[in-house]
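As structure tokens, the structure follows; a few thoughts come after it.
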Amino acid sequence: MHKSLASLMRASVRRSRAPLAIGLAAMLSGCDMDSLVRANDPDVIAPGFINNAAGANAIRVGTLGRMNAATTGTTGGDETIFMLGGLLADEFTAGDTFLQRNETDSRSLTYENAVVNTIYRQMHRVRIGAVQAREALEQYAPQSPAWQRAEMYLVEAYMITLIAEHFCNGQPLSYIKDGQELYGEPQSAAELYAKAQQLIDSGAALVAGTSTAANDVRVRNSLAVLKGRVLLNQGDFQNVVAATQNVPTSFVWNQEHSPANRTPVVWEFVNSQRRFIVSDNEGPLGLDLVSGNDPRVPACVAGEAECTAAGWTEKRPFDSGNLAVPDMRYQLVYKTNSDNVPLFSGLQARLYEAEAHNRNGNFGAALTILNNLRASAPTYRSVPAMAPLTDPGTAEGRRDLIFREKAFWLFGTGHRYPDMRRMVRQYSMPQDQVFPTGTWQNNRTPGYGDDIFFLTPQSETKNPNMPRDPATGAPQCLDMNA
Amino acid sequence: MLHLVTRAFARASLSLVLLGIPVLASAQGRSGTVTGRVFDAEANQPIPNAQVVVAGTQIGTMTNAEGQYTIRNVPQGTITIRALRIGYGEATRSVTVAGEAPVTLDIGLSRVAVTLSPVVATATGEQRRLEVPNQISQIDAAKAIESAQISNVSDMLTAKAAGVQVLPGSGVGAASRIRIRGIASLSLSNDPIVIVDGVRINSSSQGLGTGGAPESRLNDINPEDIETIDVLRGPSASATYGTDAATGVIVITTKRGRAGPARWNVYTEQGITQDANEYPDAFTAWGKLANQTNPANNGRAADCNISTIAAGTCVVDSITTFNLWDDPRATPLKNGNRQQYGVSVNGGNEAVNYFVSMESERTTGILTVPQFELDRFARQGTVVDPAWTEPNLQRRASLRANLDVKIGNNFQLPIRSFFQDSRLRSPNDGNNTVGLGSHAFGGPGTGRRTNAAGDSLYGYRQFTPGDIFQQVTHNDAQRYIGSISPVWTPLTWLQARSNLGLDYTGQTWENYCLRDTCPNFSTYRLGFVGNQRDRMFQYTADASATASFRPLEWLSTRTTAGFQFIHRQDDWVYAFGEELPPGGRTLAQTATPSIDQGTTVSKTAGVFVEQNLQVFDRLDLVASVRGDQNSAFGRNFGVAYYPRLGASYRISEEEWFPLRDHVNLLRVRASWGQAGVRPGTTSALEYFAGNTYRQNAAEVPGLIYQTLGNALLEPETVTESEGGFDLGLWEDRFTATVTYYYKKSTEAIINAVLPPSLGTGATTRAANIGALRNLGWEYIFSARPVSLENISWDVTLNGSNNQNRLLSLGEQTATIGTTQWDTTGYPVRGFWQRPYTYTDANGDGMIVPAEVTVADEAVFIGPPQPTTELSVQNGLEFLQGQFRLSALVDFKSGHHVLNTTSRFRCTSRVNAEERVSRDAPLDLQARCAAALKPGAQATQFGYIEDASYTRLREIALTWRVPEGLTARVPGLRNSSVTVAGRNLALWSDYTGVDPETTSSVGETQDEFQTTPPLRTFTVRFNLGF
């Protein structure tokens, strides 16, 4: 049996000698191994698969998701520009041990700050996504509703505005075209705001008119609100009211959240994770966000009835490490993991107008706006009627009143920090009278530094057009002015 | 150019094979049979499992249990028979085969000190060690198990092979980091690939989200099943393994059956695991506030520290210390235990041999719920789940069946089949938000503080082990590795081999907190479940043919050509849900389930040809080339070619060699080769990924741009040269092996950081722009200084050094991390930091940040990987071999570790002596103060420490029960008892707990609030029937 099998095999090798030789020769000559190693990875969505109308719309939706993650929402890991700005300002205090957050809270930022880097990158991702979506809509879905392209103009302009508001003067805007990198040159804040206005105007032209379709109205009003914000940044107070006056106070474009997607970032990092603490007289000139007992920013400390009723009982911030970190102060504006957070609203429009009126010498009009809001808050804020304000009588008092009102109305929505920076830049206030200063937290060493904006992250030096400090190799800002 | 040359070589070699076939076929004549016995020349005992081959042909066999062999189909004429067996020097005998009548040839072998197999496994089949132009390390598994406490393959490799660095994992079931000849790749995996019985297996490590070290699939392989482990250190030896082989190849050969009656081996191992480390005391300075900005705060009780004491803002009343690790009610430490039971049987006849083994193992770790927490649970009426008190538990059961079927005289069919069921429960013991280390290392210097609920924290910072270990993480894996490896020798000069294999792992990873359990962090106490199901396939299909002939009296040739195809695919689905109902534990019961999914695919196809020439039976030359295509290569890149050249010259076999009475071997060797490291599976591709946006109370799917890709992406090419010599004196009573290597990675893939302003989802893009190199010496000295009837002593010294340098980052600027940089001219991931000086300016005995001056420029401190390693293995046999005492001392130096635990205890936990007490040495106070300087002025220089150490790694005493005693038990053939220990003593100046502590198996040793490697003691009983 064995013998016959062996004989069979011996015979077969003689017969197969030629095919064997041919086969080996073919393999060694580099035959079509490509097909043999072709891999199908379902995770990969190649651009070629989405060059159609549905793909273009999907990029638009994805960009909105990224915008949510850059501003109001989180999956729990990364905070957003709203949180980080609030940390540098007087809205939030660092509660945990992360150096990056402590650097920000104590105004002692470094170029290597990984959290800042992540958020900076995230905003540019949103911006690039908006450009890609708009171009895809124009190319593959020319019949799509105009508001979709207008919405992407809005998103791009919004990200450029946030970058200019938060980072030092001299930010590049790079692009990707046909899979190739187009590296941007550093642009001044003025250039960025001008770019934002251009985009806003392009978007507004697409939704101009009187259409009452919900999306047309949402995008049109949002563009108007953003235009007012950019005008404030540009110091063009004269044109703010004209830009925003048609936006009804009741208007709001909410960002929606859920634990299955993204939770509200303020709720997540303050209440749920206890990594951030609501500030109270931070630095020590900061807002009395907790002790002020203002109904627009309901807040409490552990042990108080409101906190207990809301289920927030832990006294200490998470991972605080030592008693130099203040006890927890919880916010109750965003009470659950599914609360909406307003991104653009009529409330913002009114407050922009109030500031513009005051700068234009009409504090009366500003006061009227403020008191109207106090008397009847927009329904989505659920704020009871508040006592009217009176004219402080001085320019400084009026200025402070307006910014205070903005801060309480717009808590946690990315307004406080840009306003504080503008107080220095446009109102000539010394930074120590605006930003927290002196002893940091409970006598925690080393105390506050003197940073008033975010530095361009170290990783941007990979942009060949980004100038570097010859001494440190860090990205160089055009100037270090507010 | 190189591609053209290698391609031409491939074709020429193939032609040689094909042209040689008819010539040699016609040269075939009649054949005969050689039979005989292989025996121990000193003891005159049979040697089973010895290889007996006809030199210069593919013909051979193995001896059976009685040492007998029979080789059929032997060419007639005068031939050379060679016998080889691990632990013995090889022997060659000439014999003349004249007719069909069997010729008898008995061969005696002499024992040698170095217990290495005389053959090594390579990509082109087994080869005689002395003919391979490389120094291939080999580990004799049976010997390793007898000489040490071995729990897994990583233990077997630790400090056993020069140039192979193993950083053990922390905890039961934790993965080890294995690096061979330094870091060869800057951005890709530096793990060696693993081949088991010719089949590529999954040896990856995967994190379980516990903050501790990940689990390794390499350790699934049962050490008891292993015959030998060969380590091919780099491309000069591994080129024919092609893409992925640049970081080394570990070739595992499992046991096979021997002809003869069934021989049973039954064993059990019982032992304990323990943590014998010294943990730091926590300090608290109790005091009162003073000189406060708000005078109302003056006099308030507060914890002081050196900064506030020195500033006069806090006045100390007293300082207390507490060490929860040492406190009997607070400590989370306990002794674990290890139980292992196994049985194997092997036997067979001339046609079929079998080896079948079964093993069951249960090992528990050193962590548990401390007594004060058990008391709390009792007070609260909480029923304690055993998973809480035993948070680190590994249970494994494996079954192996190896069959070797011989069909006729020229066809062998080895069949290998392995199944394992593995269940690993891992504790939250590392740098995890709610991990044990975070709270055990971070607590105050008192055991009397309580949490908000009034429960004692007993020295823990915020969360206590009872709550922490309520979070259960486990991974249940079922793995099958199977292969058939037919070997067909149709002609005496031609052999064809193939390996067809499958490695499949199905695993379920689960992490959950039941409602109202676990630390009160985020939404944990609402309950959650995370569940991941993985299917990991790895297919191997290869075939090759080897033609051997002797065209001239002084020349032998061996030509091999073949192909290989490897397909790896991992599919996973991960689901997570929060808010469980009371008693609920499944995803379906959660209020908010969500799902994720992913796939990783990699395919490699390669062809290779290897030409060996042997001149005058002592000069061996080898040339080979392999061409690979891989699914991860860029679409514009073609085939990667990996050539290899080598030469080995046994000078001592020259007739003119003058010292033959003393020198039994002097061999010089040199080799050069290239191998690759494939890019990430999707690194070459431009693509979008999915995302969602919540709109009108529903999730809407969208797309987000991920990465630019790189159509030109090619594998990293690692070129290695090595050379050295092997020396054997006085019949191998003393041996020396010295090797120098130079390994350079070109077209090294750098994950080049993309500027954020580009807006890509990926933060980096892979590009072949870098270069790095490793060089160093490896040396192995072994001796048997004493070899008497009653006592013998053998000693082996394994040593190596490595110098790693990053040569180029292309156009990229240096990657500057907080403490580790990749910058040209320095080691990869080198530690850099700004140094500082300090002075106690006011003489108050305290150093505060203002008294520390930090330099403007960072300086290079040292590499993260050891540059020098040395291990000394001693074996002492006495009472006629009845007892064997072995010990392994392991020394490593030249590397640094960032002692993050201590830095954190200074800067954040404020419980380190150097932060709290003025009695702390000023240099320690200074490193703390330097880390506390504001923002960019802070430096961690003082916490990047020399991590050199000497460790008594293994010690074992084996008693081989004398035959006189075993004979009293019917059927008992042999028996032994081994008492062994691992990680028994440590000598180091490192100020942390243990310089080998890590929670990572990457290039950076992550010493951050993680428990160190375990100490293990075992007693093992072996019974052979």
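Quick note on naming: the chains in the structure tokens go A, B, ... in the order shown, residues restart at 1 in each chain, and ligands are numbered from 1 in order of appearance.
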Residues of chain B were defined as contacting chain A if any atom lay at most 6 Å from it, counting only C-alpha atoms; please report them as a list of chain:residue names.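 Residues satisfying the distance criterion: B:Gly408, B:Pro490, B:Ser522, B:Thr592, B:Lys603, B:Thr604, B:Asn630, B:Ser631, B:Tyr687, B:Phe688, B:Asn691, B:Thr692, B:Tyr693, B:Arg694, B:Gly702, B:Leu703, B:Ile704, B:Pro755, B:Pro756, B:Ser757, B:Leu758, B:Gly759, B:Thr760, B:Ser908, B:Arg909, B:Pro934, B:Gly935, B:Ala936.
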For the selection just defined, write its residues with N, CA and C atoms to a file, as a PDB file, in the first residue's frame.
ATOM      1  N   GLY B 408       4.487   5.691   3.512  1.00  0.00           N
ATOM      2  CA  GLY B 408       5.589   5.186   2.705  1.00  0.00           C
ATOM      3  C   GLY B 408       6.911   5.660   3.280  1.00  0.00           C
ATOM      4  N   PRO B 490      10.373  12.882  -2.620  1.00  0.00           N
ATOM      5  CA  PRO B 490      10.181  11.913  -3.709  1.00  0.00           C
ATOM      6  C   PRO B 490      11.498  11.346  -4.197  1.00  0.00           C
ATOM      7  N   SER B 522     -18.657  59.968  37.714  1.00  0.00           N
ATOM      8  CA  SER B 522     -19.453  60.121  36.511  1.00  0.00           C
ATOM      9  C   SER B 522     -20.772  59.350  36.687  1.00  0.00           C
ATOM     10  N   THR B 592     -29.321  52.985  27.354  1.00  0.00           N
ATOM     11  CA  THR B 592     -28.754  53.674  26.195  1.00  0.00           C
ATOM     12  C   THR B 592     -27.668  52.844  25.528  1.00  0.00           C
ATOM     13  N   LYS B 603      -2.781  41.281   4.212  1.00  0.00           N
ATOM     14  CA  LYS B 603      -2.434  40.106   3.412  1.00  0.00           C
ATOM     15  C   LYS B 603      -1.021  40.284   2.870  1.00  0.00           C
ATOM     16  N   THR B 604      -0.268  39.226   2.958  1.00  0.00           N
ATOM     17  CA  THR B 604       1.090  39.248   2.418  1.00  0.00           C
ATOM     18  C   THR B 604       1.257  38.041   1.505  1.00  0.00           C
ATOM     19  N   ASN B 630       2.118  43.338  -0.260  1.00  0.00           N
ATOM     20  CA  ASN B 630       1.288  43.384   0.946  1.00  0.00           C
ATOM     21  C   ASN B 630       0.150  44.355   0.745  1.00  0.00           C
ATOM     22  N   SER B 631      -0.964  44.056   1.346  1.00  0.00           N
ATOM     23  CA  SER B 631      -2.160  44.892   1.175  1.00  0.00           C
ATOM     24  C   SER B 631      -1.973  46.295   1.733  1.00  0.00           C
ATOM     25  N   TYR B 687      -9.267  58.293   3.046  1.00  0.00           N
ATOM     26  CA  TYR B 687     -10.631  57.812   3.257  1.00  0.00           C
ATOM     27  C   TYR B 687     -11.424  58.661   4.256  1.00  0.00           C
ATOM     28  N   PHE B 688     -12.704  58.410   4.226  1.00  0.00           N
ATOM     29  CA  PHE B 688     -13.633  59.035   5.168  1.00  0.00           C
ATOM     30  C   PHE B 688     -14.061  57.985   6.192  1.00  0.00           C
ATOM     31  N   ASN B 691     -19.661  59.171  11.245  1.00  0.00           N
ATOM     32  CA  ASN B 691     -19.871  60.057  12.392  1.00  0.00           C
ATOM     33  C   ASN B 691     -21.384  60.253  12.484  1.00  0.00           C
ATOM     34  N   THR B 692     -21.843  60.741  13.586  1.00  0.00           N
ATOM     35  CA  THR B 692     -23.279  61.017  13.681  1.00  0.00           C
ATOM     36  C   THR B 692     -23.515  62.403  14.240  1.00  0.00           C
ATOM     37  N   TYR B 693     -24.688  62.883  13.953  1.00  0.00           N
ATOM     38  CA  TYR B 693     -25.101  64.193  14.467  1.00  0.00           C
ATOM     39  C   TYR B 693     -26.541  64.046  14.944  1.00  0.00           C
ATOM     40  N   ARG B 694     -26.795  64.584  16.106  1.00  0.00           N
ATOM     41  CA  ARG B 694     -28.146  64.444  16.659  1.00  0.00           C
ATOM     42  C   ARG B 694     -29.007  65.607  16.194  1.00  0.00           C
ATOM     43  N   GLY B 702     -23.367  60.537   9.301  1.00  0.00           N
ATOM     44  CA  GLY B 702     -22.624  61.446   8.436  1.00  0.00           C
ATOM     45  C   GLY B 702     -21.243  60.903   8.158  1.00  0.00           C
ATOM     46  N   LEU B 703     -20.472  61.681   7.440  1.00  0.00           N
ATOM     47  CA  LEU B 703     -19.115  61.276   7.083  1.00  0.00           C
ATOM     48  C   LEU B 703     -18.130  62.357   7.494  1.00  0.00           C
ATOM     49  N   ILE B 704     -16.984  61.921   7.930  1.00  0.00           N
ATOM     50  CA  ILE B 704     -15.928  62.870   8.277  1.00  0.00           C
ATOM     51  C   ILE B 704     -14.632  62.450   7.596  1.00  0.00           C
ATOM     52  N   PRO B 755       0.027  69.314  10.467  1.00  0.00           N
ATOM     53  CA  PRO B 755      -0.358  70.538  11.185  1.00  0.00           C
ATOM     54  C   PRO B 755      -1.860  70.570  11.400  1.00  0.00           C
ATOM     55  N   PRO B 756      -2.297  70.977  12.559  1.00  0.00           N
ATOM     56  CA  PRO B 756      -3.739  70.986  12.831  1.00  0.00           C
ATOM     57  C   PRO B 756      -4.533  71.785  11.818  1.00  0.00           C
ATOM     58  N   SER B 757      -3.927  72.829  11.281  1.00  0.00           N
ATOM     59  CA  SER B 757      -4.689  73.699  10.380  1.00  0.00           C
ATOM     60  C   SER B 757      -5.112  72.976   9.114  1.00  0.00           C
ATOM     61  N   LEU B 758      -4.555  71.810   8.858  1.00  0.00           N
ATOM     62  CA  LEU B 758      -4.937  71.037   7.682  1.00  0.00           C
ATOM     63  C   LEU B 758      -6.303  70.364   7.852  1.00  0.00           C
ATOM     64  N   GLY B 759      -6.711  70.192   9.095  1.00  0.00           N
ATOM     65  CA  GLY B 759      -8.062  69.712   9.359  1.00  0.00           C
ATOM     66  C   GLY B 759      -8.305  68.246   9.095  1.00  0.00           C
ATOM     67  N   THR B 760      -7.278  67.440   9.006  1.00  0.00           N
ATOM     68  CA  THR B 760      -7.483  66.004   8.800  1.00  0.00           C
ATOM     69  C   THR B 760      -7.899  65.344  10.106  1.00  0.00           C
ATOM     70  N   SER B 908       0.701  66.522  42.572  1.00  0.00           N
ATOM     71  CA  SER B 908      -0.762  66.463  42.582  1.00  0.00           C
ATOM     72  C   SER B 908      -1.338  65.851  43.849  1.00  0.00           C
ATOM     73  N   ARG B 909      -0.729  64.790  44.332  1.00  0.00           N
ATOM     74  CA  ARG B 909      -1.301  64.141  45.521  1.00  0.00           C
ATOM     75  C   ARG B 909      -0.858  64.820  46.805  1.00  0.00           C
ATOM     76  N   PRO B 934       6.057  77.219  37.827  1.00  0.00           N
ATOM     77  CA  PRO B 934       4.870  77.536  37.027  1.00  0.00           C
ATOM     78  C   PRO B 934       5.021  77.183  35.561  1.00  0.00           C
ATOM     79  N   GLY B 935       3.929  76.666  35.008  1.00  0.00           N
ATOM     80  CA  GLY B 935       3.786  76.410  33.581  1.00  0.00           C
ATOM     81  C   GLY B 935       5.032  75.878  32.921  1.00  0.00           C
ATOM     82  N   ALA B 936       5.514  76.634  31.945  1.00  0.00           N
ATOM     83  CA  ALA B 936       6.630  76.169  31.124  1.00  0.00           C
ATOM     84  C   ALA B 936       7.938  76.116  31.898  1.00  0.00           C
TER      85      ALA B 936
END
Please provide as a PyMOL selection string all residues within 10 Å of range 783-795 of chain B, with the sequence filter that same-chain residues fewer than 6 positions apart are discarded (counting only C-alpha atoms). chain B and resi 112-114+728-729+732-736+872-888
Residues as selected, N, CA, C and O atoms, written as a compact mmCIF listing (two decimals), in the first residue's frame, can you do that?
# COMPACT_ATOMS: atom_id res chain seq x y z
N VAL B 112 27.21 17.95 26.19
CA VAL B 112 27.91 19.23 26.17
C VAL B 112 27.26 20.16 27.19
O VAL B 112 26.12 19.93 27.63
N ALA B 113 28.00 21.22 27.57
CA ALA B 113 27.48 22.13 28.59
C ALA B 113 26.31 22.93 28.07
O ALA B 113 25.33 23.17 28.77
N VAL B 114 26.42 23.36 26.83
CA VAL B 114 25.36 24.19 26.27
C VAL B 114 24.30 23.28 25.69
O VAL B 114 24.58 22.51 24.78
N GLY B 728 34.54 26.42 20.64
CA GLY B 728 34.30 25.32 21.57
C GLY B 728 35.62 24.72 22.01
O GLY B 728 36.46 24.37 21.17
N LEU B 729 35.83 24.62 23.30
CA LEU B 729 37.09 24.10 23.82
C LEU B 729 36.83 22.83 24.61
O LEU B 729 35.83 22.73 25.32
N ASP B 732 33.63 21.06 24.08
CA ASP B 732 32.55 21.99 24.47
C ASP B 732 32.42 22.15 25.98
O ASP B 732 31.35 22.57 26.46
N ARG B 733 33.47 21.82 26.73
CA ARG B 733 33.41 22.14 28.17
C ARG B 733 33.34 23.65 28.35
O ARG B 733 32.79 24.15 29.32
N PHE B 734 33.94 24.36 27.42
CA PHE B 734 33.83 25.82 27.42
C PHE B 734 33.44 26.24 26.01
O PHE B 734 34.03 25.79 25.03
N THR B 735 32.43 27.09 25.91
CA THR B 735 32.05 27.61 24.60
C THR B 735 31.92 29.13 24.67
O THR B 735 31.59 29.68 25.74
N ALA B 736 32.18 29.73 23.56
CA ALA B 736 32.02 31.19 23.48
C ALA B 736 31.40 31.52 22.12
O ALA B 736 31.77 30.93 21.11
N VAL B 872 23.36 35.75 34.18
CA VAL B 872 24.25 34.64 34.54
C VAL B 872 23.38 33.50 35.05
O VAL B 872 22.64 33.66 36.03
N GLN B 873 23.46 32.40 34.35
CA GLN B 873 22.69 31.21 34.74
C GLN B 873 23.67 30.17 35.29
O GLN B 873 24.61 29.79 34.61
N ASN B 874 23.46 29.79 36.51
CA ASN B 874 24.30 28.79 37.14
C ASN B 874 23.51 27.52 37.38
O ASN B 874 22.34 27.58 37.79
N GLY B 875 24.12 26.42 37.11
CA GLY B 875 23.47 25.14 37.40
C GLY B 875 24.44 24.24 38.14
O GLY B 875 25.60 24.09 37.74
N LEU B 876 23.95 23.69 39.21
CA LEU B 876 24.80 22.82 40.01
C LEU B 876 24.09 21.48 40.16
O LEU B 876 22.96 21.42 40.68
N GLU B 877 24.71 20.43 39.67
CA GLU B 877 24.12 19.10 39.82
C GLU B 877 24.97 18.30 40.79
O GLU B 877 26.20 18.34 40.72
N PHE B 878 24.30 17.64 41.68
CA PHE B 878 25.06 16.87 42.66
C PHE B 878 24.33 15.57 42.98
O PHE B 878 23.17 15.38 42.60
N LEU B 879 25.05 14.73 43.70
CA LEU B 879 24.57 13.38 44.02
C LEU B 879 24.19 12.65 42.74
O LEU B 879 23.06 12.20 42.56
N GLN B 880 25.16 12.59 41.84
CA GLN B 880 25.02 11.87 40.58
C GLN B 880 23.80 12.35 39.77
O GLN B 880 23.06 11.56 39.21
N GLY B 881 23.65 13.64 39.78
CA GLY B 881 22.57 14.23 39.00
C GLY B 881 21.21 14.13 39.64
O GLY B 881 20.20 14.51 39.05
N GLN B 882 21.18 13.63 40.88
CA GLN B 882 19.90 13.52 41.57
C GLN B 882 19.30 14.90 41.82
O GLN B 882 18.09 15.09 41.76
N PHE B 883 20.16 15.86 42.13
CA PHE B 883 19.69 17.20 42.42
C PHE B 883 20.30 18.19 41.42
O PHE B 883 21.46 18.05 41.03
N ARG B 884 19.49 19.12 41.05
CA ARG B 884 20.01 20.22 40.24
C ARG B 884 19.52 21.53 40.84
O ARG B 884 18.31 21.74 41.01
N LEU B 885 20.47 22.40 41.13
CA LEU B 885 20.13 23.73 41.65
C LEU B 885 20.51 24.73 40.58
O LEU B 885 21.66 24.75 40.12
N SER B 886 19.56 25.55 40.16
CA SER B 886 19.89 26.54 39.13
C SER B 886 19.41 27.91 39.58
O SER B 886 18.41 28.02 40.31
N ALA B 887 20.14 28.89 39.15
CA ALA B 887 19.81 30.27 39.52
C ALA B 887 20.13 31.20 38.36
O ALA B 887 21.13 31.00 37.66
N LEU B 888 19.29 32.17 38.18
CA LEU B 888 19.50 33.14 37.10
C LEU B 888 19.50 34.55 37.69
O LEU B 888 18.54 34.96 38.33
Could you give me, as a list in words, the residues within 7 Å of range 339-345 of chain A, counting only C-alpha atoms and dropping anything in the same chain fewer than 3 positions from it? Thr72, Ser222, Val225, Phe251, Val252, Trp253, Asn254, Gln255, Glu256, His257, Pro264, Tyr334, Lys335, Thr336, Gln348 and Ala349 of chain A
What is the CA of Gln68 in chain B-CA of Pro46 in chain B distance in Å, reported with one decimal?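 About the pair CA of Gln68 in chain B and CA of Pro46 in chain B: they are 7.9 Å apart.
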Give me the residues near Lys744 in chain B as a list of chain:residue names, where near means some atom within 6 Å (using only C-alpha atoms) and where sequence neighbours in that chain fewer than 3 positions away do not count.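 Final neighbour list, sorted by chain and number: B:Val718, B:Thr719, B:Leu772, B:Arg773.
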As a VMD selection string, please: every residue in range 797-858 of chain B that a backbone DSSP assignment puts in strand (DSSP E). chain B and resid 797 to 801 803 to 808 815 to 816 820 to 822 830 to 833 836 to 838 852 to 854
Same residues, C-alpha atoms, saved as a CSV table (one decimal), in the first residue's frame:
chain,number,residue,atom,x,y,z
B,797,LEU,CA,26.6,34.1,30.7
B,798,ASN,CA,24.4,35.9,28.2
B,799,GLY,CA,25.3,39.5,27.5
B,800,SER,CA,24.6,42.2,25.0
B,801,ASN,CA,24.7,45.9,24.5
B,803,GLN,CA,23.3,51.6,20.9
B,804,ASN,CA,20.2,53.0,19.3
B,805,ARG,CA,20.3,56.2,17.2
B,806,LEU,CA,17.7,58.0,15.2
B,807,LEU,CA,19.6,59.0,12.1
B,808,SER,CA,17.0,61.0,10.2
B,815,THR,CA,9.0,65.2,17.8
B,816,ILE,CA,9.1,66.8,21.1
B,820,GLN,CA,10.5,62.1,25.5
B,821,TRP,CA,11.9,63.3,22.2
B,822,ASP,CA,12.6,61.7,18.8
B,830,GLY,CA,15.1,59.5,24.5
B,831,PHE,CA,14.4,61.3,27.7
B,832,TRP,CA,15.0,65.1,27.5
B,833,GLN,CA,14.3,67.6,30.1
B,836,TYR,CA,18.0,72.5,37.4
B,837,THR,CA,20.1,73.6,40.3
B,838,TYR,CA,18.9,74.5,43.7
B,852,VAL,CA,15.2,76.2,42.1
B,853,THR,CA,16.8,77.5,38.9
B,854,VAL,CA,15.8,75.7,35.7
Just want the 8 Å neighbourhood of Arg381 in chain A, counted on only C-alpha atoms, with same-chain residues fewer than 3 positions away dropped. Output as a list in words.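 Within the cut-off, the hits are Arg296, Ala377 and Pro378 of chain A.
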Near-range 425-433 of chain B list (7 Å; only C-alpha atoms; drop same-chain fewer than 5 positions) as a PyMOL selection string: chain B and resi 210-212+391-394+438+468-469+473-475+999+1008-1011
